[in-house]
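To keep things clear, I will list the structure first and then write my remarks on it.
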Protein chains: 2
Amino acid sequence: MADPLSRVFSALADPTRRDIVARLAVGDATVNELAAPYDVTVQAVSKHLKVLEDAGLVSRSREAQRRPVHLEAEVFDLMTTWIERYRRRAEERYRRLDDVLRSMPDVSAPPPQEGNPS
Amino acid sequence: MADPLSRVFSALADPTRRDIVARLAVGDATVNELAAPYDVTVQAVSKHLKVLEDAGLVSRSREAQRRPVHLEAEVFDLMTTWIERYRRRAEERYRRLDDVLRSMPDVSAPPPQEGNPS
DNA sequence: TCCTTGTTCAACCGAAAGGTTGAGGAAGGA
DNA sequence: TCCTTCCTCAACCTTTCGGTTGAACAAGGA
């Protein structure tokens, strides 16, 4: 899976990885510390971290034997930019439809008040 | 995969599905219309739409034989809320560390590592 | 009624994801 | 030097994912 956006979304699609991100938002941590709360092996958590690292969400440094993991906030922008773009369009489109409906001569049909278009 | 957040992130982890969302931001479309640009079968696109629907990103109505697909913008909030929360925390933490570094008398020794609750 | 169009369901396939165990590398400390 | 700690790599297993083909269902139109 080459593209960065897919990697980020995919990385955050796993609840354990989101949990790890949440934990790292508090402060840097080592793999062992991160693995403690879960009943999976340290190797599994190490794999999760690799996924997060490949997505650019996390970086690892070296400090004696330890490899402290650090959360990188910049990549989040990639997602929010994408999301905002299409959400804005969808909402504009919805608003426009709403306007059209509102400006229509009332045809005995119920008015488009509190619109749920499903 | 039960939780809604995982479903949404997972749904958008696929480039074809993001493409479909982009297409739907312009306006509603049928499965056949959505499938046209890709060289996969209509069934494959139908599956993609099911994933998007299960994530709440899309809804399908009925209109004669056609099933027009509609983009639902609300679910995006689920993601942005999550993302913003941890990005903000990460940035605060970064800013705080920055302040600490800036306010430190320049010692030649390595700085006291920032709050790591181990 | 039968046919055509649009869509979904079911079964299958290969590749990738997420987990395991076991071994190995890197960096101190005794 | 040898030992211990922390971490990653490699091989394997099972489940899920994205795709296929083939059949079926739903709703007009002839």
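Naming works like this for the structure tokens: A, B, ... for the chains as they're shown, residue 1 at the start of each chain, ligands 1 onward in shown order.
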Per residue of chain C within 9 Å of range 59-78 of chain B, which atom pair is closest and at what distance in Å (one decimal), using only C-alpha atoms (C1' of nucleotides), listed by chain and increasing number, as a tab-separated table?
```
residue	atom	partner	partner_atom	distance
C:DT5	C1'	B:Gln65	CA	7.7
C:DG6	C1'	B:Gln65	CA	5.7
C:DT7	C1'	B:Arg66	CA	7.6
```
Please provide the set of residues having any atom within 10 Å of DA10 in chain C, restricted to only C-alpha atoms (C1' of nucleotides), with same-chain residues fewer than 6 positions apart removed, written as a PyMOL selection string. chain D and resi 22-24
Excluding same-chain residues fewer than 2 positions from Ala29 in chain A, what lies within 7 Å of it counting only C-alpha atoms (C1' of nucleotides), as a PyMOL selection string? (chain A and resi 24+27+31+33-34+68-69) or (chain B and resi 116)
Quick one: write out the picked residues with N, CA, C and O atoms as a short mmCIF file (atom, residue, chain, number, x, y, z; two decimals), in the first residue's frame?
```
data_model
loop_
_atom_site.label_atom_id
_atom_site.label_comp_id
_atom_site.auth_asym_id
_atom_site.auth_seq_id
_atom_site.Cartn_x
_atom_site.Cartn_y
_atom_site.Cartn_z
N LEU A 24 0.55 7.84 23.79
CA LEU A 24 1.74 8.61 23.44
C LEU A 24 1.48 10.11 23.46
O LEU A 24 2.42 10.91 23.54
N GLY A 27 2.80 11.28 26.70
CA GLY A 27 4.24 11.36 26.79
C GLY A 27 4.91 10.20 26.11
O GLY A 27 4.28 9.16 25.87
N VAL A 31 8.59 0.46 24.25
CA VAL A 31 7.75 -0.62 23.75
C VAL A 31 7.18 -1.44 24.90
O VAL A 31 5.99 -1.75 24.92
N GLU A 33 6.67 -0.54 28.01
CA GLU A 33 5.64 0.24 28.70
C GLU A 33 4.33 0.23 27.92
O GLU A 33 3.25 0.08 28.49
N LEU A 34 4.45 0.38 26.60
CA LEU A 34 3.25 0.42 25.77
C LEU A 34 2.55 -0.93 25.74
O LEU A 34 1.33 -1.00 25.64
N PRO A 68 12.74 4.85 22.94
CA PRO A 68 11.54 5.63 23.27
C PRO A 68 10.74 5.98 22.01
O PRO A 68 11.32 6.36 21.00
N VAL A 69 9.44 5.84 22.11
CA VAL A 69 8.56 6.13 20.98
C VAL A 69 7.94 7.51 21.18
O VAL A 69 7.48 7.85 22.27
N ASN B 116 8.10 11.43 31.75
CA ASN B 116 7.75 10.10 31.29
C ASN B 116 7.34 9.24 32.48
O ASN B 116 8.19 8.83 33.26
#
```
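Running DSSP on the backbone gives strand (DSSP E) for these residues within range 7-114 of chain A: Val58, Ser59, Arg60, Val69, His70 and Leu71 of chain A.
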Given the selection you just returned, output its residues as a file containing N, CA and C atoms, formatted as a tab-separated table (two decimals), in the first residue's frame.
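What follows is the written file part-v1.tsv:
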```
chain	number	residue	atom	x	y	z
A	58	VAL	N	4.64	8.18	14.20
A	58	VAL	CA	5.46	7.91	15.36
A	58	VAL	C	6.92	7.84	14.95
A	59	SER	N	7.81	8.22	15.84
A	59	SER	CA	9.24	8.08	15.56
A	59	SER	C	9.91	7.41	16.74
A	60	ARG	N	11.00	6.72	16.46
A	60	ARG	CA	11.71	6.02	17.53
A	60	ARG	C	13.16	6.46	17.58
A	69	VAL	N	9.44	5.84	22.11
A	69	VAL	CA	8.56	6.13	20.98
A	69	VAL	C	7.94	7.51	21.18
A	70	HIS	N	7.92	8.27	20.09
A	70	HIS	CA	7.45	9.66	20.16
A	70	HIS	C	6.35	9.90	19.13
A	71	LEU	N	5.29	10.56	19.56
A	71	LEU	CA	4.17	10.84	18.65
A	71	LEU	C	4.49	12.04	17.76
```
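The interface of chain D with chain B at 8 Å, considering only C-alpha atoms (C1' of nucleotides), consists of DG18, DG19, DA26, DA27 and DG28 of chain D.
The gap separating CA of Ala35 in chain B from CA of Phe9 in chain B is 22.0 Å, in Å to one decimal.
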At most 6 Å is the cut-off: for each residue in chain A with any atom that close to an atom of chain B, write down the nearest atom pair and the distance in Å rounded to one decimal, counting only C-alpha atoms, chain first then increasing number, as a tab-separated table.
```
residue	atom	partner	partner_atom	distance
A:Ser6	CA	B:Ala13	CA	4.5
A:Phe9	CA	B:Ala13	CA	4.8
A:Ser10	CA	B:Ala13	CA	4.8
A:Ala13	CA	B:Ser6	CA	4.5
A:Ala25	CA	B:Ala90	CA	5.0
A:Gly27	CA	B:Asn116	CA	5.8
A:Ala73	CA	B:Arg87	CA	5.5
A:Tyr86	CA	B:Ala25	CA	5.9
A:Arg87	CA	B:Ala73	CA	5.5
A:Arg89	CA	B:Ala25	CA	5.7
A:Ala90	CA	B:Ala25	CA	5.0
```
Taking only C-alpha atoms (C1' of nucleotides) into account, what are the residues of chain C at most 8 Å from chain A, put as JSON, numbers by chain? {"C": [18, 19, 26, 27, 28]}
Using only all heavy atoms, please write the residues we just selected to a file, as a CSV table (one decimal), in the first residue's frame.
```csv
chain,number,residue,atom,x,y,z
C,18,DG,P,-3.8,-5.0,11.1
C,18,DG,OP1,-4.9,-4.1,11.4
C,18,DG,OP2,-2.4,-4.4,10.9
C,18,DG,O5',-3.6,-6.1,12.2
C,18,DG,C5',-4.8,-6.8,12.6
C,18,DG,C4',-4.4,-8.0,13.4
C,18,DG,O4',-3.7,-8.9,12.6
C,18,DG,C3',-3.3,-7.6,14.5
C,18,DG,O3',-3.8,-8.1,15.8
C,18,DG,C2',-2.1,-8.3,14.1
C,18,DG,C1',-2.6,-9.5,13.2
C,18,DG,N9,-1.7,-10.0,12.3
C,18,DG,C8,-0.8,-9.3,11.5
C,18,DG,N7,-0.1,-10.1,10.7
C,18,DG,C5,-0.5,-11.4,11.0
C,18,DG,C6,-0.1,-12.7,10.5
C,18,DG,O6,0.8,-12.9,9.6
C,18,DG,N1,-0.8,-13.7,11.0
C,18,DG,C2,-1.8,-13.6,12.0
C,18,DG,N2,-2.4,-14.7,12.4
C,18,DG,N3,-2.2,-12.4,12.5
C,18,DG,C4,-1.5,-11.4,12.0
C,19,DG,P,-3.1,-7.8,17.1
C,19,DG,OP1,-4.1,-7.5,18.1
C,19,DG,OP2,-2.0,-6.8,16.9
C,19,DG,O5',-2.4,-9.2,17.5
C,19,DG,C5',-3.1,-10.2,18.1
C,19,DG,C4',-2.6,-11.6,17.7
C,19,DG,O4',-2.2,-11.7,16.4
C,19,DG,C3',-1.2,-11.9,18.4
C,19,DG,O3',-1.4,-12.3,19.8
C,19,DG,C2',-0.8,-13.1,17.6
C,19,DG,C1',-1.3,-12.8,16.2
C,19,DG,N9,-0.3,-12.4,15.2
C,19,DG,C8,0.1,-11.2,14.8
C,19,DG,N7,1.1,-11.2,14.0
C,19,DG,C5,1.3,-12.6,13.8
C,19,DG,C6,2.3,-13.2,12.9
C,19,DG,O6,3.1,-12.7,12.1
C,19,DG,N1,2.2,-14.6,13.0
C,19,DG,C2,1.3,-15.3,13.8
C,19,DG,N2,1.4,-16.6,13.8
C,19,DG,N3,0.4,-14.7,14.7
C,19,DG,C4,0.5,-13.3,14.5
C,26,DA,P,23.8,-5.4,16.1
C,26,DA,OP1,24.2,-5.0,14.7
C,26,DA,OP2,24.9,-6.1,17.0
C,26,DA,O5',23.2,-4.2,16.9
C,26,DA,C5',22.0,-4.3,17.6
C,26,DA,C4',21.9,-3.3,18.6
C,26,DA,O4',21.4,-3.9,19.9
C,26,DA,C3',23.2,-2.6,19.0
C,26,DA,O3',22.9,-1.4,19.6
C,26,DA,C2',23.8,-3.6,20.0
C,26,DA,C1',22.5,-4.0,20.8
C,26,DA,N9,22.5,-5.3,21.3
C,26,DA,C8,23.0,-6.5,20.8
C,26,DA,N7,22.8,-7.6,21.6
C,26,DA,C5,22.0,-7.1,22.6
C,26,DA,C6,21.4,-7.7,23.7
C,26,DA,N6,21.5,-9.0,23.9
C,26,DA,N1,20.7,-7.0,24.5
C,26,DA,C2,20.6,-5.7,24.3
C,26,DA,N3,21.1,-4.9,23.3
C,26,DA,C4,21.8,-5.7,22.5
C,27,DA,P,24.0,-0.2,19.9
C,27,DA,OP1,23.5,1.0,19.3
C,27,DA,OP2,25.4,-0.7,19.4
C,27,DA,O5',24.0,-0.1,21.5
C,27,DA,C5',22.8,0.1,22.1
C,27,DA,C4',23.0,-0.1,23.6
C,27,DA,O4',22.9,-1.5,23.9
C,27,DA,C3',24.3,0.4,24.2
C,27,DA,O3',24.0,1.1,25.4
C,27,DA,C2',25.0,-0.9,24.5
C,27,DA,C1',23.9,-1.9,24.8
C,27,DA,N9,24.2,-3.3,24.7
C,27,DA,C8,24.9,-3.9,23.7
C,27,DA,N7,25.0,-5.2,23.9
C,27,DA,C5,24.2,-5.5,25.0
C,27,DA,C6,23.9,-6.7,25.7
C,27,DA,N6,24.3,-7.9,25.3
C,27,DA,N1,23.1,-6.6,26.8
C,27,DA,C2,22.7,-5.4,27.2
C,27,DA,N3,22.9,-4.2,26.6
C,27,DA,C4,23.7,-4.3,25.5
C,28,DG,P,25.0,2.0,26.1
C,28,DG,OP1,24.3,2.7,27.2
C,28,DG,OP2,25.8,2.7,25.1
C,28,DG,O5',26.0,0.9,26.8
C,28,DG,C5',26.4,1.1,28.1
C,28,DG,C4',25.2,0.7,29.1
C,28,DG,O4',24.6,-0.6,28.6
C,28,DG,C3',25.6,0.5,30.5
C,28,DG,O3',24.6,0.8,31.4
C,28,DG,C2',26.0,-1.0,30.5
C,28,DG,C1',25.0,-1.6,29.5
C,28,DG,N9,25.6,-2.7,28.7
C,28,DG,C8,26.4,-2.5,27.6
C,28,DG,N7,26.8,-3.7,27.1
C,28,DG,C5,26.3,-4.6,28.0
C,28,DG,C6,26.4,-6.0,28.0
C,28,DG,O6,27.0,-6.7,27.2
C,28,DG,N1,25.7,-6.6,29.1
C,28,DG,C2,25.0,-5.9,30.0
C,28,DG,N2,24.4,-6.6,31.0
C,28,DG,N3,24.9,-4.6,30.0
C,28,DG,C4,25.5,-4.0,29.0
```
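Taking CA of Tyr38 in chain B as the reference point, CA of Ile20 in chain B is found at 10.3 Å.
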